[in-house]
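Encoded as structure tokens, the structure appears first; notes follow it.
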Amino acid sequence: MAPRSQKVPGSSATRRTSRSRTAETGAGKRMSKTAGAEAGANAAPFGVASFSKEQELQALHDMLLIRRFEEKAGQLYGMGYIGGFCHLYIGQEAVVVGMQMALKPGDQVITSYRDHGHMLATGMDPKGVMAELTGRRSGYSKGKGGSMHMFSREKAFFGGHGIVGAQVPIGTGLAFSNKYKGNDNVSLTYFGEGAANQGQVYESFNMASLWKLPVVFIIENNQYAMGTSITRAAAQSEELYHRGLAFGIPGYRVDGMDVRAVKDAGDYAAAHCRAGEGPIILEMRTYRYRGHSMSDPAKYRTRDEVQKMRQEHDPIEQVRKRLLDAGLATEDELKEIDRLVRESVTNAAEFAQADPEPDPAELWTDIYVEHA
């Protein structure tokens with residue numbers, strides 16, 4: 001993704017939007033202390049490396065931006081400014097932030113309908129994202145797409161897609177385009193554990209393997225899909241990263257609550273694709289704190305389970321603790337980062353509420369009509 005020049009307080013690093021311990025979450029299970037994961041009988045060739053002060057601060061900023069944005073989106077939804085479906089990314093921030101740190105300009109990102117975090121991580125403007133959520137003309141889809149359908153060619157973000165699993169063939173197509181053009185760009189294709197049972201996913205695996213396409217298939221396993229524990233909905237649910245073995249696609253399980261583990265896995269996966277080795281699967285064991293969407297009360301799990309995850313595995317608190325314990329930042333410095341992030345999100349919300357709605361004539365634009 002294109003470099004940005006935004007600096008984080010307390011860091012000398014310039015922001016670049018270039019972008020393990022195994023998770024055993026869900027149903028109250030704890031995260032193990034294993035550094036990596038397994039692919040077949042082989043241990044994962046990556047672990048959890050240390051971050052520099054600049055990397056920790058940037059990861060903290062980026063994850064805070066996503067969380068505060070999503071919290072504000074939830075508030076606006078409750079106030080009636082956002083309608084329709086709205087799926088929040090709270091709790092899963094380390095996945096997309098860590099993966100973005102492993103990318104370079106030209107790499108592409110595509111995902112499902114839980115997409116606000118991905119947009120922000122690729123460097124899309126919070127004002128444009130929030131304006132689209134509220135259906136305003138300055139939104140990324142001119143106020144016509146809403147929460148699930150935003151795109152940015154500039155940031156190489158190819159959507160938000162509302163149909164379960166539909167983005168996986170498109171992401172595979174992006175990888176085919178890269179191979180056809182002879183560049184070394186990589187397609188990051190995200191989908192959830194619920195979509196992992198979709199037939200089109202396996203058709204995509206087959207084609208990607210046949211043609212050795214540079215695509216990283218990322219399963220964001222937040223344990224509950226649309227409202228059913230993965231252990232009740234998927235065979236061999238503890239090994240979703242093995243879903244590509246029949247096609248010769250290696251897969252690894254990653255602690256999706258630790259941004260360092262995600263970044264290391266992302267580095268390995270991107271290098272694998274750029275070397276012409278074909279597709280790879282990363283199963284990110286993560287956890288969403290909210291329901292599937294704003295209309296979901298999430299009664300299929302206990303409050304104690306959610307609170308336990310927040311207290312013991314929160315991706316943002318892990319970074320905060322490391323910075324404070326190592327003396328790399330003070331409590332006041334971290335509070336200032338949070339204050340600036342909240343200010344940015346508040347400005348985005350105010351902009352989105354004040355921006356005009358689209359002209360009714362926009363109903364007739366951006367429509368594809370095929371004549372006989």
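Each chain of the structure tokens is named A, B, ... in the order shown, its residues numbered from 1; ligands are numbered from 1 in display order.
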Could you give me, as JSON lines, a per-residue list for range 258-331 of chain A showing, wherever an atom lies at most 8 Å from an atom of range 215-239 of chain A, the closest pair of atoms and their distance in Å to one decimal, using only C-alpha atoms and sorting by chain then residue number from low to high?
{"residue": "A:Ala269", "atom": "CA", "partner": "A:Val216", "partner_atom": "CA", "distance": 6.6}
{"residue": "A:Ala270", "atom": "CA", "partner": "A:Val216", "partner_atom": "CA", "distance": 7.3}
{"residue": "A:Cys273", "atom": "CA", "partner": "A:Val215", "partner_atom": "CA", "distance": 6.6}
{"residue": "A:Gly278", "atom": "CA", "partner": "A:Val215", "partner_atom": "CA", "distance": 7.1}
{"residue": "A:Pro279", "atom": "CA", "partner": "A:Val215", "partner_atom": "CA", "distance": 4.9}
{"residue": "A:Ile280", "atom": "CA", "partner": "A:Val216", "partner_atom": "CA", "distance": 5.2}
{"residue": "A:Ile281", "atom": "CA", "partner": "A:Phe217", "partner_atom": "CA", "distance": 4.7}
{"residue": "A:Leu282", "atom": "CA", "partner": "A:Ile218", "partner_atom": "CA", "distance": 4.9}
{"residue": "A:Glu283", "atom": "CA", "partner": "A:Ile219", "partner_atom": "CA", "distance": 4.7}
{"residue": "A:Met284", "atom": "CA", "partner": "A:Glu220", "partner_atom": "CA", "distance": 5.1}
{"residue": "A:Arg285", "atom": "CA", "partner": "A:Asn221", "partner_atom": "CA", "distance": 5.1}
{"residue": "A:Thr286", "atom": "CA", "partner": "A:Asn222", "partner_atom": "CA", "distance": 4.7}
{"residue": "A:Tyr287", "atom": "CA", "partner": "A:Asn222", "partner_atom": "CA", "distance": 4.2}
{"residue": "A:Arg288", "atom": "CA", "partner": "A:Asn222", "partner_atom": "CA", "distance": 5.8}
{"residue": "A:Gly291", "atom": "CA", "partner": "A:Gly227", "partner_atom": "CA", "distance": 7.9}
{"residue": "A:His292", "atom": "CA", "partner": "A:Met226", "partner_atom": "CA", "distance": 5.4}
{"residue": "A:Ala298", "atom": "CA", "partner": "A:Gly227", "partner_atom": "CA", "distance": 7.0}
{"residue": "A:Tyr300", "atom": "CA", "partner": "A:Gly227", "partner_atom": "CA", "distance": 6.7}
Selected residues written out, N, CA and C atoms, as a tab-separated table (two decimals), in the first residue's frame:
chain	number	residue	atom	x	y	z
A	269	ALA	N	4.22	-15.68	4.79
A	269	ALA	CA	3.24	-15.98	3.74
A	269	ALA	C	3.48	-15.13	2.50
A	270	ALA	N	3.77	-13.84	2.70
A	270	ALA	CA	4.01	-12.97	1.55
A	270	ALA	C	5.27	-13.40	0.80
A	273	CYS	N	4.54	-16.45	-1.34
A	273	CYS	CA	3.84	-16.13	-2.58
A	273	CYS	C	4.75	-15.43	-3.58
A	278	GLY	N	3.11	-20.37	-4.84
A	278	GLY	CA	1.67	-20.57	-4.89
A	278	GLY	C	0.96	-20.11	-3.63
A	279	PRO	N	-0.29	-20.54	-3.45
A	279	PRO	CA	-1.11	-20.05	-2.34
A	279	PRO	C	-0.70	-20.63	-1.00
A	280	ILE	N	-1.20	-19.98	0.05
A	280	ILE	CA	-0.93	-20.41	1.41
A	280	ILE	C	-2.13	-20.02	2.26
A	281	ILE	N	-2.40	-20.77	3.32
A	281	ILE	CA	-3.53	-20.49	4.20
A	281	ILE	C	-3.00	-20.12	5.59
A	282	LEU	N	-3.53	-19.04	6.14
A	282	LEU	CA	-3.26	-18.67	7.53
A	282	LEU	C	-4.59	-18.66	8.28
A	283	GLU	N	-4.70	-19.50	9.28
A	283	GLU	CA	-5.90	-19.47	10.12
A	283	GLU	C	-5.60	-18.62	11.34
A	284	MET	N	-6.23	-17.46	11.42
A	284	MET	CA	-6.04	-16.54	12.53
A	284	MET	C	-7.06	-16.85	13.62
A	285	ARG	N	-6.59	-17.36	14.74
A	285	ARG	CA	-7.49	-17.62	15.86
A	285	ARG	C	-7.71	-16.30	16.60
A	286	THR	N	-8.89	-15.76	16.47
A	286	THR	CA	-9.18	-14.46	17.06
A	286	THR	C	-10.52	-14.53	17.78
A	287	TYR	N	-11.09	-13.38	18.11
A	287	TYR	CA	-12.32	-13.38	18.91
A	287	TYR	C	-13.01	-12.03	18.75
A	288	ARG	N	-14.30	-12.06	18.45
A	288	ARG	CA	-15.05	-10.81	18.39
A	288	ARG	C	-15.79	-10.60	19.70
A	291	GLY	N	-21.62	-9.03	19.02
A	291	GLY	CA	-22.35	-10.05	18.28
A	291	GLY	C	-21.95	-10.06	16.82
A	292	HIS	N	-22.52	-10.99	16.09
A	292	HIS	CA	-22.20	-11.09	14.66
A	292	HIS	C	-22.47	-9.77	13.96
A	298	ALA	N	-25.94	-12.02	20.95
A	298	ALA	CA	-24.85	-12.94	21.30
A	298	ALA	C	-25.13	-13.74	22.56
A	300	TYR	N	-25.48	-16.83	22.77
A	300	TYR	CA	-24.94	-18.18	22.62
A	300	TYR	C	-23.60	-18.36	23.36
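Secondary structure by DSSP on the backbone puts the following residues of range 129-219 of chain A in strand (DSSP E or B): Ser152, Phe157, Ser187, Leu188, Thr189, Tyr190, Phe191, Gly192, Val215, Val216, Phe217, Ile218 and Ile219 of chain A.
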For the selection you just gave me, I'd like the residues written to a file as a compact mmCIF listing (two decimals), in the first residue's frame, keeping N, CA and C atoms.
# COMPACT_ATOMS: atom_id res chain seq x y z
N SER A 152 -11.65 0.99 -2.57
CA SER A 152 -10.70 2.05 -2.86
C SER A 152 -9.61 1.51 -3.77
N PHE A 157 -7.84 -1.69 -2.09
CA PHE A 157 -8.84 -2.40 -1.29
C PHE A 157 -10.04 -2.70 -2.18
N SER A 187 -2.17 -11.08 -3.21
CA SER A 187 -3.56 -10.82 -2.85
C SER A 187 -3.84 -11.41 -1.48
N LEU A 188 -4.23 -10.55 -0.53
CA LEU A 188 -4.70 -11.02 0.77
C LEU A 188 -6.20 -11.21 0.69
N THR A 189 -6.66 -12.43 0.82
CA THR A 189 -8.07 -12.76 0.69
C THR A 189 -8.59 -13.26 2.02
N TYR A 190 -9.35 -12.40 2.70
CA TYR A 190 -9.88 -12.71 4.03
C TYR A 190 -11.26 -13.34 3.92
N PHE A 191 -11.53 -14.30 4.81
CA PHE A 191 -12.88 -14.81 4.98
C PHE A 191 -12.98 -15.43 6.37
N GLY A 192 -14.20 -15.59 6.84
CA GLY A 192 -14.40 -16.10 8.19
C GLY A 192 -14.50 -17.61 8.24
N VAL A 215 -1.65 -15.89 -3.63
CA VAL A 215 -2.76 -15.47 -2.79
C VAL A 215 -2.59 -16.04 -1.39
N VAL A 216 -2.76 -15.18 -0.39
CA VAL A 216 -2.77 -15.62 1.00
C VAL A 216 -4.22 -15.70 1.44
N PHE A 217 -4.72 -16.90 1.64
CA PHE A 217 -6.07 -17.10 2.14
C PHE A 217 -6.04 -16.98 3.66
N ILE A 218 -6.76 -16.00 4.20
CA ILE A 218 -6.73 -15.74 5.64
C ILE A 218 -8.09 -16.06 6.24
N ILE A 219 -8.13 -17.09 7.06
CA ILE A 219 -9.36 -17.45 7.75
C ILE A 219 -9.39 -16.71 9.09
Return as CSV the residues of range 82-190 of chain A lying at most 10 Å from range 58-71 of chain A, together with the closest atom-to-atom pair for each and the distance in Å to one decimal, counting only C-alpha atoms, with rows in chain order and ascending residue number.
residue,atom,partner,partner_atom,distance
A:Cys86,CA,A:Glu70,CA,9.8
A:His87,CA,A:Glu70,CA,9.0
A:Leu88,CA,A:Glu70,CA,5.9
A:Tyr89,CA,A:Glu70,CA,6.8
A:Ile90,CA,A:Arg67,CA,5.6
A:Gly91,CA,A:Arg67,CA,7.8
A:Gln92,CA,A:Met63,CA,9.0
A:Glu93,CA,A:Met63,CA,5.4
A:Ala94,CA,A:Met63,CA,6.7
A:Val95,CA,A:Met63,CA,9.5
A:Val96,CA,A:Met63,CA,8.9
A:Val97,CA,A:Met63,CA,6.7
A:Gly98,CA,A:Ala59,CA,7.6
A:Met101,CA,A:Ala59,CA,8.7
A:His116,CA,A:Ile66,CA,7.6
A:Gly117,CA,A:Ile66,CA,5.4
A:His118,CA,A:Ile66,CA,8.7
A:Met119,CA,A:Ile66,CA,9.2
A:Leu120,CA,A:Ile66,CA,6.6
A:Ala121,CA,A:Asp62,CA,6.8
A:Gly123,CA,A:Asp62,CA,9.7
A:Pro126,CA,A:Phe69,CA,7.8
A:Val129,CA,A:Phe69,CA,9.7
A:Met130,CA,A:Phe69,CA,8.4
Original post:
Hey, what's within 9 Å of Asp258 in chain A if we count only C-alpha atoms and toss same-chain stuff fewer than 6 positions away? As a PyMOL selection string, please?
Top reply: chain A and resi 20-21+48+94-95+98+313-316+318-319
Original post:
When distances are computed from only C-alpha atoms, which of A:Gln55, A:Gly160, A:Arg310, A:Met99 shows the smallest separation from Val254 in chain A?
Top reply: A:Met99
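Distance-wise, CA of Lys104 in chain A and CA of Tyr140 in chain A end up 22.6 Å apart.
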Original post:
What's the 7 Å shell around Phe247 in chain A, counting only C-alpha atoms, without same-chain residues fewer than 2 positions away, as a ChimeraX atom specification?
Top reply: /A:205-206,209,244-245,249
Original post:
Which residue gives the smallest distance to Thr365 in chain A among A:His161, A:Arg274, A:Arg301, A:Lys144, with only C-alpha atoms counted?
Top reply: A:Lys144
Original post:
How many Å separate CA of Arg290 in chain A from CA of Gly74 in chain A?
Top reply: 10.0 Å
**OP:** Name all residues at most 7 Å from Asp264 in chain A (count only C-alpha atoms; drop same-chain ones fewer than 4 positions away) and give them as a PyMOL selection string.
**Re:** chain A and resi 46-49+260+268
For the residues in that selection, give me C-alpha atoms as an mmCIF file, in the first residue's frame.
data_model
loop_
_atom_site.group_PDB
_atom_site.id
_atom_site.type_symbol
_atom_site.label_atom_id
_atom_site.label_comp_id
_atom_site.auth_asym_id
_atom_site.auth_seq_id
_atom_site.Cartn_x
_atom_site.Cartn_y
_atom_site.Cartn_z
ATOM 1 C CA PHE A 46 7.720 -18.551 12.044
ATOM 2 C CA GLY A 47 7.195 -17.557 15.644
ATOM 3 C CA VAL A 48 6.715 -14.372 17.643
ATOM 4 C CA ALA A 49 9.566 -11.933 17.127
ATOM 5 C CA ARG A 260 3.579 -9.669 16.469
ATOM 6 C CA TYR A 268 6.433 -15.643 5.796
#
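Neighbours of Gly165 in chain A closer than or equal to 10 Å, with only C-alpha atoms counted and sequence neighbours fewer than 6 positions away skipped, come out as Thr111, Ser112, Tyr113, Tyr190, Phe191, Gly192, Glu193, Gly194, Ala195, Ala196, Asn197, Gln198, Gly199, Gln200 and Val201 of chain A.
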Go ahead and write the selection's residues with C-alpha atoms as a short mmCIF file (atom, residue, chain, number, x, y, z; two decimals), in the first residue's frame.
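Below you can see part.cif, which holds the result:
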data_model
loop_
_atom_site.label_atom_id
_atom_site.label_comp_id
_atom_site.auth_asym_id
_atom_site.auth_seq_id
_atom_site.Cartn_x
_atom_site.Cartn_y
_atom_site.Cartn_z
CA THR A 111 -12.62 -9.24 2.58
CA SER A 112 -16.16 -9.97 3.69
CA TYR A 113 -18.78 -7.70 5.23
CA TYR A 190 -9.88 -12.71 4.03
CA PHE A 191 -12.88 -14.81 4.98
CA GLY A 192 -14.40 -16.10 8.19
CA GLU A 193 -14.60 -19.60 9.62
CA GLY A 194 -18.28 -19.68 8.71
CA ALA A 195 -17.40 -19.13 5.05
CA ALA A 196 -14.76 -21.86 5.24
CA ASN A 197 -17.46 -24.44 4.45
CA GLN A 198 -18.57 -22.71 1.23
CA GLY A 199 -18.06 -24.62 -2.02
CA GLN A 200 -16.69 -21.62 -3.91
CA VAL A 201 -13.84 -21.46 -1.39
#
Original post:
Given the choices A:Glu154, A:Ala43, A:Gln100, A:Ala246, which gets closest to Lys263 in chain A if the distance is worked out from only C-alpha atoms?
Top reply: A:Gln100
